[in-house]
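A.B. asks: Before anything else, here's the structure in question.
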Amino acid sequence: MAGLVESIIAFFQGMGLLNLSWGNVVMIAVGLALVYLAIRYEMEPLLLLPIGISAVLVNIPLGHLANWPIAPNLPEHIADNIFATLSYLNQQYGPPGIFDIIYYTLIRTEIVPLLIFFGLGAMTDFGPMIADPKTALMGAAAQIGVFIAMLTALALGFNLHQAASIGIIGGADGPTTIYLTTKLAPEILGATAVAAYSYMSLVPLIQPPIIRALTSKEERKIRMEQLRPVSKREKIIFPIISMIVIGLLVPSAAPLVGMLMIGNLFRESGVVERLSRAAQEELMNIVTIFLGLGVGSTMRADSFLTQETLMILGLGIVAFASATAGGVLFGKLMMKLSGGRINPMIGAAGVSAVPMSARVVQRMASEEDPGNFILMHAMGPNVAGVIGTAVAAGVFLAVLAG
């Protein structure tokens, strides 16, 4: 009889059921919740769906989808060599699972985040910012949320690398958050990525109350003059000048800004339409899948279910709220300096949640005055925010990563 019981126990252990911890159960539930939100409410479904389902799979005991740790203590002489790192991890922890391969070869090497920026560049029209360059200042002003969240994280006990990775959530730019966190604090990648993409999907709920609190009804009704037409020559010159100037001033931002502007040059040149479409569609679809699966694979019970994770999710709200407030307040300053010709709401679009934030601003303007059309004006700060967040990440890398 005793032998039968032992055989049954061994059978279930082999199946992994008895190895299922409460942490695994909680993380499987979290993953399923992300899947539900993606399907039922369409909250950033392109990323939350693969993140959620990979979080479920990676928390199944003995599944061997991810056998290697997220942030291993590597010998200093191999830390920057991907081939030596893979060999070392294989020796220490055994053969990799599929999520290990995706994470270490595509996410940790920054290939996927950079290709995402390439695709974003091919999808982005910088025309509204070129037509009214001063709106770029609002995109810069919104980056105050990055530094407020960073300082708050430091005050709560996070180290400088983690605080910078948390702060960049305020830029409302998921790929930049993943890029910076991978380099500075990979141990919190899952939490920062989930916070960034979750709150990006909640922009229509987060921003309106802040905008209303900081602006009057009359200010929200301000109509703006139609933007001037932007020539094809200007749109071609802009990405070239931008990548050179930013690359010289902030070299560590060159990979992000460079890939963004290469993609944009493909779009605006008009001579590689097939490549531009491929960057916008096939390439973006492929790298988005790998990005979601790789990030979701970091959501393991032993590293995700911590007090720090809850603090990061809370700090994400601080980052988004302060970024929105910073953009609106700077918009009010520009409104005063322009004699009332600038609607301060467009400053809220300075976060780089393109084009969602600009659409929020347009909807609020239409609620006050159905004939008020300021969407294209809001797109100026919106696309400027993409560049601003990339530059902020570059500054952090230059200071903290040497």
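As shown in the structure tokens, the chain order sets the letters A, B, ...; within each chain, residues go from 1, and ligands are also counted from 1 in the order they appear.
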Gln307 of chain A: which residues within 12 Å, counting only C-alpha atoms, same-chain residues fewer than 3 positions away excluded, as number ranges by chain?

C.D. replies: A: 156-158, 188, 191, 302-304, 310-314

A.B. asks: For those residues, write all heavy atoms to a file as a JSON list (two decimals), in the first residue's frame.

C.D. replies:
[["chain", "number", "residue", "atom", "x", "y", "z"],
["A", 156, "LEU", "N", 11.81, 56.09, -2.07],
["A", 156, "LEU", "CA", 11.18, 54.87, -1.54],
["A", 156, "LEU", "C", 12.18, 53.72, -1.38],
["A", 156, "LEU", "O", 11.79, 52.62, -0.98],
["A", 156, "LEU", "CB", 10.04, 54.44, -2.47],
["A", 156, "LEU", "CG", 8.82, 55.36, -2.47],
["A", 156, "LEU", "CD1", 7.80, 54.90, -3.51],
["A", 156, "LEU", "CD2", 8.16, 55.41, -1.10],
["A", 157, "GLY", "N", 13.43, 53.97, -1.73],
["A", 157, "GLY", "CA", 14.46, 52.96, -1.48],
["A", 157, "GLY", "C", 14.97, 52.20, -2.68],
["A", 157, "GLY", "O", 15.82, 51.32, -2.53],
["A", 158, "PHE", "N", 14.49, 52.49, -3.88],
["A", 158, "PHE", "CA", 15.02, 51.83, -5.07],
["A", 158, "PHE", "C", 16.42, 52.37, -5.37],
["A", 158, "PHE", "O", 16.70, 53.53, -5.08],
["A", 158, "PHE", "CB", 14.11, 52.08, -6.28],
["A", 158, "PHE", "CG", 12.81, 51.33, -6.22],
["A", 158, "PHE", "CD1", 11.66, 51.94, -5.71],
["A", 158, "PHE", "CD2", 12.71, 50.04, -6.69],
["A", 158, "PHE", "CE1", 10.46, 51.26, -5.65],
["A", 158, "PHE", "CE2", 11.49, 49.35, -6.65],
["A", 158, "PHE", "CZ", 10.37, 49.97, -6.13],
["A", 188, "ILE", "N", 13.61, 44.06, -12.85],
["A", 188, "ILE", "CA", 12.27, 44.64, -12.71],
["A", 188, "ILE", "C", 11.61, 44.86, -14.07],
["A", 188, "ILE", "O", 10.65, 45.62, -14.18],
["A", 188, "ILE", "CB", 12.30, 45.97, -11.91],
["A", 188, "ILE", "CG1", 13.15, 47.03, -12.62],
["A", 188, "ILE", "CG2", 12.79, 45.73, -10.50],
["A", 188, "ILE", "CD1", 13.02, 48.42, -12.00],
["A", 191, "ALA", "N", 7.72, 44.14, -14.30],
["A", 191, "ALA", "CA", 6.88, 45.12, -13.63],
["A", 191, "ALA", "C", 6.83, 46.44, -14.39],
["A", 191, "ALA", "O", 5.75, 47.04, -14.56],
["A", 191, "ALA", "CB", 7.39, 45.36, -12.20],
["A", 302, "ASP", "N", 8.70, 34.08, -8.44],
["A", 302, "ASP", "CA", 9.78, 34.38, -7.50],
["A", 302, "ASP", "C", 10.34, 35.79, -7.66],
["A", 302, "ASP", "O", 10.87, 36.36, -6.72],
["A", 302, "ASP", "CB", 10.91, 33.36, -7.64],
["A", 302, "ASP", "CG", 11.45, 33.30, -9.07],
["A", 302, "ASP", "OD1", 10.80, 33.85, -9.97],
["A", 302, "ASP", "OD2", 12.52, 32.69, -9.27],
["A", 303, "SER", "N", 10.19, 36.37, -8.84],
["A", 303, "SER", "CA", 10.74, 37.71, -9.07],
["A", 303, "SER", "C", 9.66, 38.79, -9.18],
["A", 303, "SER", "O", 9.94, 39.98, -8.98],
["A", 303, "SER", "CB", 11.60, 37.72, -10.35],
["A", 303, "SER", "OG", 10.82, 37.35, -11.46],
["A", 304, "PHE", "N", 8.42, 38.40, -9.51],
["A", 304, "PHE", "CA", 7.37, 39.39, -9.75],
["A", 304, "PHE", "C", 6.54, 39.67, -8.51],
["A", 304, "PHE", "O", 6.12, 40.81, -8.28],
["A", 304, "PHE", "CB", 6.46, 38.92, -10.88],
["A", 304, "PHE", "CG", 5.59, 40.01, -11.47],
["A", 304, "PHE", "CD1", 6.07, 40.82, -12.48],
["A", 304, "PHE", "CD2", 4.30, 40.22, -11.01],
["A", 304, "PHE", "CE1", 5.28, 41.83, -13.01],
["A", 304, "PHE", "CE2", 3.50, 41.22, -11.54],
["A", 304, "PHE", "CZ", 4.00, 42.03, -12.55],
["A", 310, "LEU", "N", 4.50, 46.07, -6.55],
["A", 310, "LEU", "CA", 3.35, 46.92, -6.24],
["A", 310, "LEU", "C", 3.75, 48.39, -6.20],
["A", 310, "LEU", "O", 3.00, 49.27, -6.67],
["A", 310, "LEU", "CB", 2.75, 46.51, -4.89],
["A", 310, "LEU", "CG", 2.12, 45.11, -4.83],
["A", 310, "LEU", "CD1", 1.63, 44.80, -3.41],
["A", 310, "LEU", "CD2", 0.96, 45.01, -5.82],
["A", 311, "MET", "N", 4.93, 48.66, -5.67],
["A", 311, "MET", "CA", 5.42, 50.04, -5.62],
["A", 311, "MET", "C", 5.66, 50.58, -7.03],
["A", 311, "MET", "O", 5.35, 51.74, -7.33],
["A", 311, "MET", "CB", 6.69, 50.12, -4.78],
["A", 311, "MET", "CG", 6.46, 49.81, -3.30],
["A", 311, "MET", "SD", 8.00, 49.58, -2.38],
["A", 311, "MET", "CE", 8.67, 51.24, -2.42],
["A", 312, "ILE", "N", 6.19, 49.73, -7.91],
["A", 312, "ILE", "CA", 6.44, 50.15, -9.29],
["A", 312, "ILE", "C", 5.13, 50.48, -10.00],
["A", 312, "ILE", "O", 5.02, 51.48, -10.72],
["A", 312, "ILE", "CB", 7.22, 49.06, -10.05],
["A", 312, "ILE", "CG1", 8.65, 48.97, -9.52],
["A", 312, "ILE", "CG2", 7.23, 49.34, -11.55],
["A", 312, "ILE", "CD1", 9.42, 47.77, -10.02],
["A", 313, "LEU", "N", 4.12, 49.64, -9.80],
["A", 313, "LEU", "CA", 2.81, 49.90, -10.41],
["A", 313, "LEU", "C", 2.23, 51.22, -9.90],
["A", 313, "LEU", "O", 1.63, 51.98, -10.67],
["A", 313, "LEU", "CB", 1.86, 48.74, -10.12],
["A", 313, "LEU", "CG", 2.24, 47.39, -10.74],
["A", 313, "LEU", "CD1", 1.28, 46.30, -10.29],
["A", 313, "LEU", "CD2", 2.26, 47.48, -12.27],
["A", 314, "GLY", "N", 2.41, 51.49, -8.61],
["A", 314, "GLY", "CA", 1.94, 52.77, -8.06],
["A", 314, "GLY", "C", 2.72, 53.94, -8.60],
["A", 314, "GLY", "O", 2.16, 55.00, -8.93]]

A.B. asks: How many Å separate atom CA of Met259 of chain A from atom CA of Ala321 of chain A?

C.D. replies: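 Straight-line distance from atom CA of Met259 of chain A to atom CA of Ala321 of chain A works out to 28.4 Å.
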
A.B. asks: Please return as a count of residues only: the residues of segment 161-396 of chain A that backbone DSSP assigns to alpha helix (DSSP H).

C.D. replies: 170

A.B. asks: Hey, could you make a per-residue contact list for segment 286-315 of chain A against segment 108-130 of chain A with 9 Å as the cut-off, showing the nearest pair of atoms and its distance in Å to one decimal, counting only C-alpha atoms, sorted by chain and number, as a tab-separated table?

C.D. replies:
residue	atom	partner	partner_atom	distance
A:Val287	CA	A:Val112	CA	5.8
A:Thr288	CA	A:Ile116	CA	7.3
A:Phe290	CA	A:Val112	CA	7.4
A:Leu291	CA	A:Val112	CA	6.4

A.B. asks: Tell me which of A:Ile60, A:His161, A:Ala185, A:Asp173 sits closest to Ser198 of chain A, counting only C-alpha atoms.

C.D. replies: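 With only C-alpha atoms as the atom set, the closest residue is A:Asp173.
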
A.B. asks: Counting only C-alpha atoms, figure out which residue out of A:Pro209, A:Pro75, A:Gly23, A:Gly270 gets nearest to Val58 of chain A.

C.D. replies: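 The answer is A:Gly23, which sits nearest to Val58 of chain A.
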
A.B. asks: Applying 6 Å and only C-alpha atoms, which residues near Phe99 of chain A remain after dropping the ones on its own chain fewer than 2 positions away? List them as a PyMOL selection string.

C.D. replies: chain A and resi 65-66+97+101-103

A.B. asks: Within 10 Å of Val351 of chain A, counting only C-alpha atoms, which residues show up once you throw out same-chain ones fewer than 6 positions away? Write them as a list of chain:residue names, please.

C.D. replies: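 Surrounding residues, per the criterion: A:Met138, A:Gly139, A:Ala140, A:Ala141, A:Ala142, A:Gln143, A:Gly145, A:Gly170, A:Gly171, A:Ala172, A:Asp173, A:Met200, A:Val203, A:Phe320, A:Ala323, A:Thr324, A:Gly326, A:Gly327, A:Ser357, A:Ala358, A:Pro381, A:Asn382, A:Val383, A:Ala384, A:Gly385, A:Val386, A:Gly388, A:Thr389.
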
A.B. asks: Could you take the residues named above and write them with C-alpha atoms, as an mmCIF file, in the first residue's frame?

C.D. replies:
data_model
loop_
_atom_site.group_PDB
_atom_site.id
_atom_site.type_symbol
_atom_site.label_atom_id
_atom_site.label_comp_id
_atom_site.auth_asym_id
_atom_site.auth_seq_id
_atom_site.Cartn_x
_atom_site.Cartn_y
_atom_site.Cartn_z
ATOM 1 C CA MET A 138 5.555 70.750 -24.622
ATOM 2 C CA GLY A 139 6.837 67.290 -25.446
ATOM 3 C CA ALA A 140 9.997 68.170 -23.555
ATOM 4 C CA ALA A 141 8.041 69.626 -20.630
ATOM 5 C CA ALA A 142 6.031 66.427 -20.236
ATOM 6 C CA GLN A 143 9.280 64.576 -19.488
ATOM 7 C CA GLY A 145 7.070 63.102 -15.097
ATOM 8 C CA GLY A 170 6.375 58.546 -17.343
ATOM 9 C CA GLY A 171 7.333 58.936 -20.984
ATOM 10 C CA ALA A 172 4.421 56.606 -21.876
ATOM 11 C CA ASP A 173 6.693 54.779 -24.296
ATOM 12 C CA MET A 200 -0.799 53.589 -21.818
ATOM 13 C CA VAL A 203 -4.606 57.200 -20.925
ATOM 14 C CA PHE A 320 1.864 59.388 -15.981
ATOM 15 C CA ALA A 323 3.943 64.002 -17.033
ATOM 16 C CA THR A 324 0.425 65.041 -18.026
ATOM 17 C CA GLY A 326 3.831 69.084 -16.594
ATOM 18 C CA GLY A 327 2.719 69.256 -20.220
ATOM 19 C CA SER A 357 -3.105 61.122 -26.013
ATOM 20 C CA ALA A 358 -3.735 63.533 -28.899
ATOM 21 C CA PRO A 381 3.720 67.562 -28.739
ATOM 22 C CA ASN A 382 2.684 63.916 -29.075
ATOM 23 C CA VAL A 383 5.380 62.953 -31.595
ATOM 24 C CA ALA A 384 7.860 65.258 -29.848
ATOM 25 C CA GLY A 385 7.282 63.202 -26.715
ATOM 26 C CA VAL A 386 8.588 60.106 -28.512
ATOM 27 C CA GLY A 388 11.966 63.438 -25.743
ATOM 28 C CA THR A 389 11.582 60.101 -23.978
#

A.B. asks: Using only C-alpha atoms, which protein or nucleic acid residues come within 12 Å of Ala398 of chain A? Drop anything in the same chain fewer than 3 positions from it, and give the result as a list in words.

C.D. replies: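 Everything that qualifies: His161, Ala164, Leu180, Lys183, Leu184, Leu249, Val250, Pro251, Ser252, Ala253, Ala254, Val391, Ala392, Ala393, Gly394, Val395, Ala401 and Gly402 of chain A.
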
A.B. asks: Determine the nearest neighbour of Ser216 of chain A from the options A:Leu57, A:Gly63, A:Met345, A:Ile39, counting only C-alpha atoms.

C.D. replies: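 Going through A:Leu57, A:Gly63, A:Met345, A:Ile39 one by one, the smallest distance to Ser216 of chain A is for A:Met345.
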
A.B. asks: Could you check how far atom CA of Arg277 of chain A sits from atom CA of His377 of chain A, in Å to one decimal?

C.D. replies: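 Taking atom CA of Arg277 of chain A and atom CA of His377 of chain A, their separation equals 25.9 Å.
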